[in-house]
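Next comes work_23.cif, a file with mmCIF, C-alpha atoms.
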```
data_target
loop_
_atom_site.label_atom_id
_atom_site.label_comp_id
_atom_site.auth_asym_id
_atom_site.auth_seq_id
_atom_site.Cartn_x
_atom_site.Cartn_y
_atom_site.Cartn_z
CA MET A 1 17.78 -9.19 17.39
CA SER A 2 16.69 -12.72 16.50
CA PHE A 3 16.63 -13.51 12.80
CA PHE A 4 13.27 -15.25 12.94
CA ARG A 5 10.13 -13.13 12.76
CA THR A 6 6.93 -12.95 10.77
CA LEU A 7 6.77 -10.48 7.90
CA SER A 8 3.07 -10.94 7.17
CA TYR A 9 2.34 -7.64 8.92
CA ARG A 10 4.35 -4.55 9.83
CA ALA A 11 6.47 -4.85 12.97
CA ARG A 12 5.36 -2.46 15.70
CA GLU A 13 8.35 -2.20 18.06
CA ASP A 14 10.41 0.96 18.14
CA GLU A 15 13.83 1.23 16.58
CA LEU A 16 16.72 2.34 18.77
CA MET A 17 16.94 5.53 16.71
CA ASP A 18 13.40 6.38 17.84
CA ASP A 19 14.69 6.88 21.41
CA PHE A 20 15.90 10.48 21.39
CA SER A 21 17.26 10.15 24.93
CA MET A 22 20.06 8.02 23.48
CA GLY A 23 22.58 9.14 20.90
CA GLY A 24 26.09 10.48 21.14
CA GLU A 25 29.09 8.92 19.42
CA GLU A 26 27.36 5.56 18.92
CA LEU A 27 24.54 7.18 16.95
CA SER A 28 26.99 9.25 14.91
CA GLU A 29 28.87 6.05 14.02
CA ALA A 30 25.58 4.38 13.09
CA LEU A 31 24.78 7.19 10.67
CA GLN A 32 28.17 6.71 9.02
CA HIS A 33 27.59 2.95 8.69
CA LEU A 34 24.08 3.59 7.38
CA ARG A 35 25.61 5.47 4.46
CA ARG A 36 27.50 2.28 3.56
CA LEU A 37 24.27 0.29 3.67
CA ASN A 38 22.58 2.89 1.46
CA ARG A 39 25.32 2.50 -1.13
CA ILE A 40 25.16 -1.30 -1.02
CA PHE A 41 21.38 -1.37 -1.45
CA ALA A 42 21.10 1.49 -3.99
CA ALA A 43 18.98 3.56 -1.62
CA PRO A 44 19.02 6.90 -3.52
CA GLY A 45 17.40 5.55 -6.71
CA PRO A 46 13.72 5.63 -5.67
CA THR A 47 14.03 9.18 -4.35
CA LEU A 48 15.52 10.41 -7.62
CA SER A 49 12.86 8.54 -9.60
CA GLY A 50 10.05 10.20 -7.65
CA VAL A 51 11.60 13.66 -7.72
CA GLU A 52 12.13 13.48 -11.49
CA LYS A 53 8.52 12.38 -11.97
CA LEU A 54 7.20 15.35 -10.00
CA TRP A 55 9.69 17.73 -11.65
CA LYS A 56 8.40 16.70 -15.08
CA SER A 57 4.80 17.22 -13.94
CA MET A 58 5.84 20.74 -12.88
CA GLY A 59 6.99 21.48 -16.45
CA CYS A 60 10.73 20.79 -15.91
CA PRO A 61 11.57 24.10 -14.22
CA SER A 62 15.18 25.31 -14.18
CA THR A 63 15.05 25.95 -10.43
CA LEU A 64 13.92 23.46 -7.79
CA SER A 65 13.82 23.37 -4.00
CA ILE A 66 13.70 20.13 -2.02
CA MET A 67 13.23 19.54 1.69
CA ASP A 68 14.31 16.11 2.95
CA VAL A 69 12.67 15.36 6.32
CA GLY A 70 14.00 12.79 8.75
CA ALA A 71 17.08 13.13 6.60
CA GLY A 72 19.75 11.59 8.81
CA SER A 73 23.04 12.58 7.23
CA GLY A 74 21.21 13.21 3.93
CA ASP A 75 23.49 11.08 1.78
CA VAL A 76 20.73 10.01 -0.65
CA ASN A 77 20.65 13.62 -1.84
CA GLN A 78 24.12 13.36 -3.37
CA LYS A 79 22.49 11.58 -6.32
CA LEU A 80 19.98 14.43 -6.67
CA LEU A 81 22.80 16.96 -6.83
CA ARG A 82 24.51 15.02 -9.64
CA TRP A 83 21.18 14.73 -11.47
CA SER A 84 20.60 18.48 -11.19
CA ASP A 85 24.05 19.12 -12.67
CA GLN A 86 23.21 16.90 -15.64
CA LYS A 87 19.85 18.61 -16.17
CA GLU A 88 21.27 22.09 -15.50
CA ILE A 89 18.77 22.67 -12.70
CA GLN A 90 19.47 25.22 -9.99
CA LEU A 91 18.78 22.96 -7.01
CA ASN A 92 18.52 23.90 -3.34
CA ILE A 93 18.16 21.19 -0.69
CA THR A 94 17.25 21.60 2.97
CA LEU A 95 17.94 18.63 5.23
CA VAL A 96 15.69 18.44 8.29
CA ASP A 97 16.23 16.13 11.25
CA LYS A 98 15.33 16.09 14.94
CA THR A 99 18.71 14.94 16.28
CA GLU A 100 21.89 16.92 16.73
CA GLU A 101 23.95 13.89 15.70
CA ALA A 102 22.22 13.64 12.33
CA CYS A 103 22.53 17.36 11.68
CA ASP A 104 26.22 17.31 12.62
CA GLU A 105 26.85 14.37 10.26
CA ALA A 106 24.93 16.12 7.46
CA ARG A 107 26.89 19.34 7.94
CA ARG A 108 30.15 17.40 7.81
CA LEU A 109 29.11 15.43 4.72
CA PHE A 110 27.98 18.53 2.80
CA ARG A 111 30.49 21.01 4.24
CA HIS A 112 31.73 21.91 0.73
CA GLU A 113 28.26 21.99 -0.87
CA PRO A 114 26.59 25.45 -0.73
CA ARG A 115 23.38 24.09 -2.28
CA VAL A 116 22.62 22.10 0.88
CA GLN A 117 21.40 23.60 4.16
CA VAL A 118 20.82 21.68 7.39
CA ARG A 119 18.07 22.43 9.88
CA LEU A 120 17.44 20.92 13.32
CA ALA A 121 13.64 20.62 13.41
CA ASP A 122 10.58 18.40 13.43
CA VAL A 123 8.57 18.22 10.19
CA LYS A 124 5.56 19.28 12.28
CA GLU A 125 7.30 22.62 12.90
CA VAL A 126 8.09 23.33 9.26
CA PRO A 127 6.07 26.20 7.71
CA ASP A 128 3.56 25.60 4.93
CA ALA A 129 4.92 25.50 1.37
CA SER A 130 8.56 25.40 2.52
CA ALA A 131 9.84 23.68 -0.64
CA ASP A 132 8.69 22.63 -4.09
CA ILE A 133 9.06 18.96 -3.14
CA VAL A 134 9.27 17.35 0.31
CA THR A 135 11.01 13.99 0.44
CA GLY A 136 11.36 11.29 3.06
CA SER A 137 13.80 8.42 2.62
CA GLN A 138 13.48 5.45 5.00
CA PHE A 139 11.56 7.80 7.26
CA ILE A 140 7.87 7.02 7.34
CA HIS A 141 8.27 3.34 8.27
CA HIS A 142 8.89 4.71 11.77
CA PHE A 143 5.17 5.55 11.95
CA GLU A 144 1.91 3.63 11.84
CA GLY A 145 -1.81 4.25 12.19
CA GLU A 146 -2.88 7.83 12.79
CA GLN A 147 0.74 8.93 13.27
CA LEU A 148 1.54 7.80 9.74
CA ILE A 149 -1.37 9.78 8.29
CA GLU A 150 -0.37 12.81 10.36
CA ILE A 151 3.28 12.74 9.24
CA VAL A 152 2.46 12.37 5.54
CA SER A 153 -0.13 15.16 5.87
CA HIS A 154 2.53 17.43 7.40
CA MET A 155 4.85 16.58 4.52
CA LEU A 156 2.14 17.51 2.02
CA ARG A 157 1.45 20.76 3.88
CA ALA A 158 5.15 21.67 3.80
CA SER A 159 5.37 21.06 0.04
CA ILE A 160 4.25 23.22 -2.88
CA HIS A 161 4.05 20.55 -5.57
CA GLY A 162 4.08 17.27 -3.67
CA VAL A 163 5.81 14.58 -1.68
CA VAL A 164 8.21 11.77 -2.61
CA ILE A 165 8.58 8.82 -0.25
CA ASN A 166 11.35 6.25 -0.59
CA ASP A 167 10.88 3.33 1.75
CA ILE A 168 11.54 -0.34 2.19
CA HIS A 169 9.60 -3.30 0.79
CA ARG A 170 8.76 -5.72 3.58
CA HIS A 171 9.87 -9.06 2.17
CA LEU A 172 11.97 -12.05 3.22
CA LEU A 173 14.74 -11.42 0.67
CA PRO A 174 15.65 -7.87 1.75
CA TYR A 175 15.16 -8.81 5.39
CA THR A 176 17.67 -11.67 5.06
CA ALA A 177 20.07 -9.54 3.02
CA VAL A 178 19.99 -6.67 5.50
CA TRP A 179 20.30 -8.98 8.52
CA LEU A 180 23.42 -10.60 7.05
CA THR A 181 24.96 -7.40 5.67
CA THR A 182 24.60 -5.43 8.90
CA ARG A 183 26.48 -8.17 10.72
CA MET A 184 29.24 -8.22 8.12
CA ILE A 185 29.87 -4.48 7.97
CA SER A 186 29.16 -3.24 11.48
CA ALA A 187 29.31 -4.08 15.18
CA ASN A 188 27.20 -1.01 15.96
CA ARG A 189 24.06 -2.01 17.87
CA TYR A 190 21.91 0.63 16.14
CA ILE A 191 22.79 -0.85 12.76
CA ARG A 192 22.42 -4.49 13.80
CA HIS A 193 19.10 -3.88 15.56
CA ASP A 194 17.48 -1.18 13.42
CA GLY A 195 18.58 -2.40 9.98
CA PRO A 196 16.57 -5.64 9.90
CA LEU A 197 13.76 -4.07 11.96
CA SER A 198 13.42 -1.33 9.34
CA VAL A 199 12.59 -3.99 6.75
CA ALA A 200 10.12 -5.64 9.14
CA LYS A 201 8.46 -2.24 9.62
CA GLY A 202 8.42 -1.64 5.86
CA PHE A 203 5.57 -1.70 3.35
CA THR A 204 3.88 -3.83 0.74
CA GLY A 205 1.58 -2.78 -2.08
CA ARG A 206 -1.39 -3.43 0.21
CA ASP A 207 -0.01 -0.94 2.77
CA TRP A 208 0.40 1.75 0.11
CA ARG A 209 -3.14 1.18 -1.16
CA GLU A 210 -4.44 1.56 2.38
CA LEU A 211 -2.47 4.79 2.83
CA LYS A 212 -3.83 6.14 -0.45
CA GLU A 213 -7.38 5.37 0.66
CA ARG A 214 -6.93 6.91 4.10
CA LEU A 215 -5.34 10.05 2.66
CA GLN A 216 -8.16 10.21 0.07
CA HIS A 217 -5.47 11.10 -2.45
CA GLU A 218 -6.41 9.60 -5.81
CA THR A 219 -3.31 10.88 -7.62
CA MET A 220 -0.88 9.10 -5.28
CA THR A 221 1.23 6.49 -7.08
CA TYR A 222 3.69 3.87 -5.89
CA GLU A 223 6.24 1.89 -7.89
CA TRP A 224 8.50 -0.98 -6.85
CA LYS A 225 12.17 -0.18 -7.43
CA PRO A 226 15.45 -2.05 -7.00
CA LEU A 227 16.65 -3.06 -4.52
CA PHE A 228 13.36 -3.92 -2.80
CA ARG A 229 12.12 -0.39 -2.30
CA TYR A 230 9.14 1.71 -3.24
CA SER A 231 9.08 5.14 -4.85
CA VAL A 232 5.85 6.84 -3.77
CA VAL A 233 4.72 10.13 -5.33
CA ILE A 234 1.91 12.19 -3.82
CA PRO A 235 1.20 15.33 -5.90
CA ASN A 236 -0.05 18.28 -3.90
CA ASP A 237 -3.36 18.65 -5.68
CA PRO A 238 -4.70 22.21 -5.97
#
```

Take the structure in the file and give it back as structure tokens.
Amino acid sequence: MSFFRTLSYRAREDELMDDFSMGGEELSEALQHLRRLNRIFAAPGPTLSGVEKLWKSMGCPSTLSIMDVGAGSGDVNQKLLRWSDQKEIQLNITLVDKTEEACDEARRLFRHEPRVQVRLADVKEVPDASADIVTGSQFIHHFEGEQLIEIVSHMLRASIHGVVINDIHRHLLPYTAVWLTTRMISANRYIRHDGPLSVAKGFTGRDWRELKERLQHETMTYEWKPLFRYSVVIPNDP
């Protein structure tokens, strides 16, 4: 992928990971390398911030269920597990992804963690009210237009109390940082192609305001978080 591109609007081309006819060992390797990128760029933070915000609005219950859709290997949830230990919350997490490779990586990563279950599924297939909170980390930038509205609506339907979205801020600084970092840490073509493209497909405050208007969801909030990410909270209004 060429370095030079405009970031004034969301990129529209598909990522390699959007092609479900591909996969295999190369995709499994990409998921492993993606965990390194997530650590470098502090990816779990916005998810935890949003989950804690919703948890407090629920009255700080001692039990909590979370469903992470489009979860990949689900590594951002490790921070949630540590947080639940600190808060003495009985936490149960279900990781949902459409690819066998992602589910296999998630099962391997959490093989010693009984609080985490892995499910091969599409969020559209998930029953109503499947978890207290439904999360999506670096997931919804794969969608635009009516598909974006549909996916977020399915996430809301699957949740009891609301949705937390953690996604990338479309900006030159993170784009440059991701472009350089992917080339330093990986020769995997998924990582080198999809990493920078993910930033180019990311969001700005204007995009979140548009989503809020189209969802007609007045209680939706979005906050900028390090490192160049947004934590979006959409309470499931009664």

Legend entry - Distance query A:Phe143 at most 9 Å, only C-alpha atoms, self and fewer than 6 positions along chain excluded, as a list in words: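 Surrounding residues, per the criterion: Arg12, Ile149, Ile151 and Lys201 of chain A.
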
Using all atoms listed in the file, tabulate the residues of stretch 55-166 of chain A lying at most 10 Å from any atom of stretch 206-212 of chain A, each with its closest atom pair and that distance in Å to one decimal, by chain and increasing residue number, as a tab-separated table.
```
residue	atom	partner	partner_atom	distance
A:Gly145	CA	A:Leu211	CA	9.4
A:Leu148	CA	A:Leu211	CA	8.5
A:Ile149	CA	A:Leu211	CA	7.5
A:Val152	CA	A:Leu211	CA	9.4
```

Inset, instruction - Name the residues captured by the PyMOL selection byres ((chain A and resi 168) around 10) when it is applied to the shown file; answer as a ChimeraX atom specification. - result: /A:43,137-141,165-167,169-171,174-175,198-204,224-225,227-231

Legend entry - All residues 6 Å or closer to A:Asp97, only C-alpha atoms, same chain fewer than 2 positions away omitted, as a ChimeraX atom specification: /A:70-71,99,120-121

Inset, instruction - Go ahead and compute the interatomic distance for atom CA of A:Ala158 and atom CA of A:His217, in Å to one decimal. - result: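 Atom CA of A:His217 lies at a distance of 16.2 Å from atom CA of A:Ala158.
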
Write out as a PDB file with C-alpha atoms, in the frame of the given file each polymer residue whose atoms come within 8 Å of A:Ile89, counting only C-alpha atoms; drop sequence neighbours fewer than 6 positions from it.
```
ATOM      1  CA  PRO A  61      11.570  24.100 -14.220  1.00  0.00           C
ATOM      2  CA  SER A  62      15.180  25.310 -14.180  1.00  0.00           C
ATOM      3  CA  THR A  63      15.050  25.950 -10.430  1.00  0.00           C
ATOM      4  CA  LEU A  64      13.920  23.460  -7.790  1.00  0.00           C
TER       5      LEU A  64
END
```

Inset, instruction - Compile the contact shell of A:Val163 as a PyMOL selection string: residues with an atom at most 7 Å away, counting all atoms listed in the file, same-chain residues fewer than 4 positions apart removed. - result: chain A and resi 133-135+155-156+159+233-235

Inset, instruction - Kindly give the distance, in Å, that separates atom CA of A:Arg192 and atom CA of A:Arg36, rounded to a single decimal. - result: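 Atom CA of A:Arg36 lies at a distance of 13.3 Å from atom CA of A:Arg192.
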
Legend entry - Interatomic distance (Å, one decimal) between atom CA of A:Val123 and atom CA of A:Val76: 18.2 Å

Inset, instruction - Write out as a PyMOL selection string the residues lying within 12 Å of A:Glu105, counting all atoms listed in the file and excluding same-chain residues fewer than 5 positions away. - result: chain A and resi 24-25+27-35+71-75+95+97+99-100+110-111+118-120

Inset, instruction - Could you expand the PyMOL selection byres ((chain A and resi 221) around 6) into the explicit residues it covers here, written as a list of chain:residue names? - result: A:Met220, A:Tyr222, A:Val232, A:Val233

Inset, instruction - Please evaluate the PyMOL selection byres ((chain A and resi 126) around 10) against the displayed coordinates and give the resulting residues as a PyMOL selection string. - result: chain A and resi 67+69+96+121-125+127-130+154-155+157-159

Inset, instruction - Tell me which of A:Ser49, A:Leu80, A:Asp68, A:Thr181 sits closest to A:Ala106, counting all atoms listed in the file. - result: A:Asp68

Where is the centre and how long are the edges: axis-aligned box on stretch 194-206 of chain A, 3 Å on each side, Å to one decimal, as lines of an AutoDock Vina configuration file:
```
center_x = 8.6
center_y = -3.4
center_z = 5.7
size_x = 26.0
size_y = 10.5
size_z = 21.5
```

Legend entry - Residue with smallest distance to A:Asn38 - pool A:Ile66, A:Val116, A:Asn77, A:Gln90, counting only C-alpha atoms: A:Asn77

Legend entry - From A:Glu113, A:Ser65, A:Ile191, A:Pro226, residue lying nearest A:Ile93 [only C-alpha atoms]: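 For A:Ile93, the nearest of the given residues is A:Ser65.
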
Inset, instruction - Between A:Arg39, A:Trp55, A:Leu16, A:Lys98, single out the one closest to A:Asn188, counting all atoms listed in the file. - result: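 Ranking A:Arg39, A:Trp55, A:Leu16, A:Lys98 by distance to A:Asn188, first place goes to A:Leu16.
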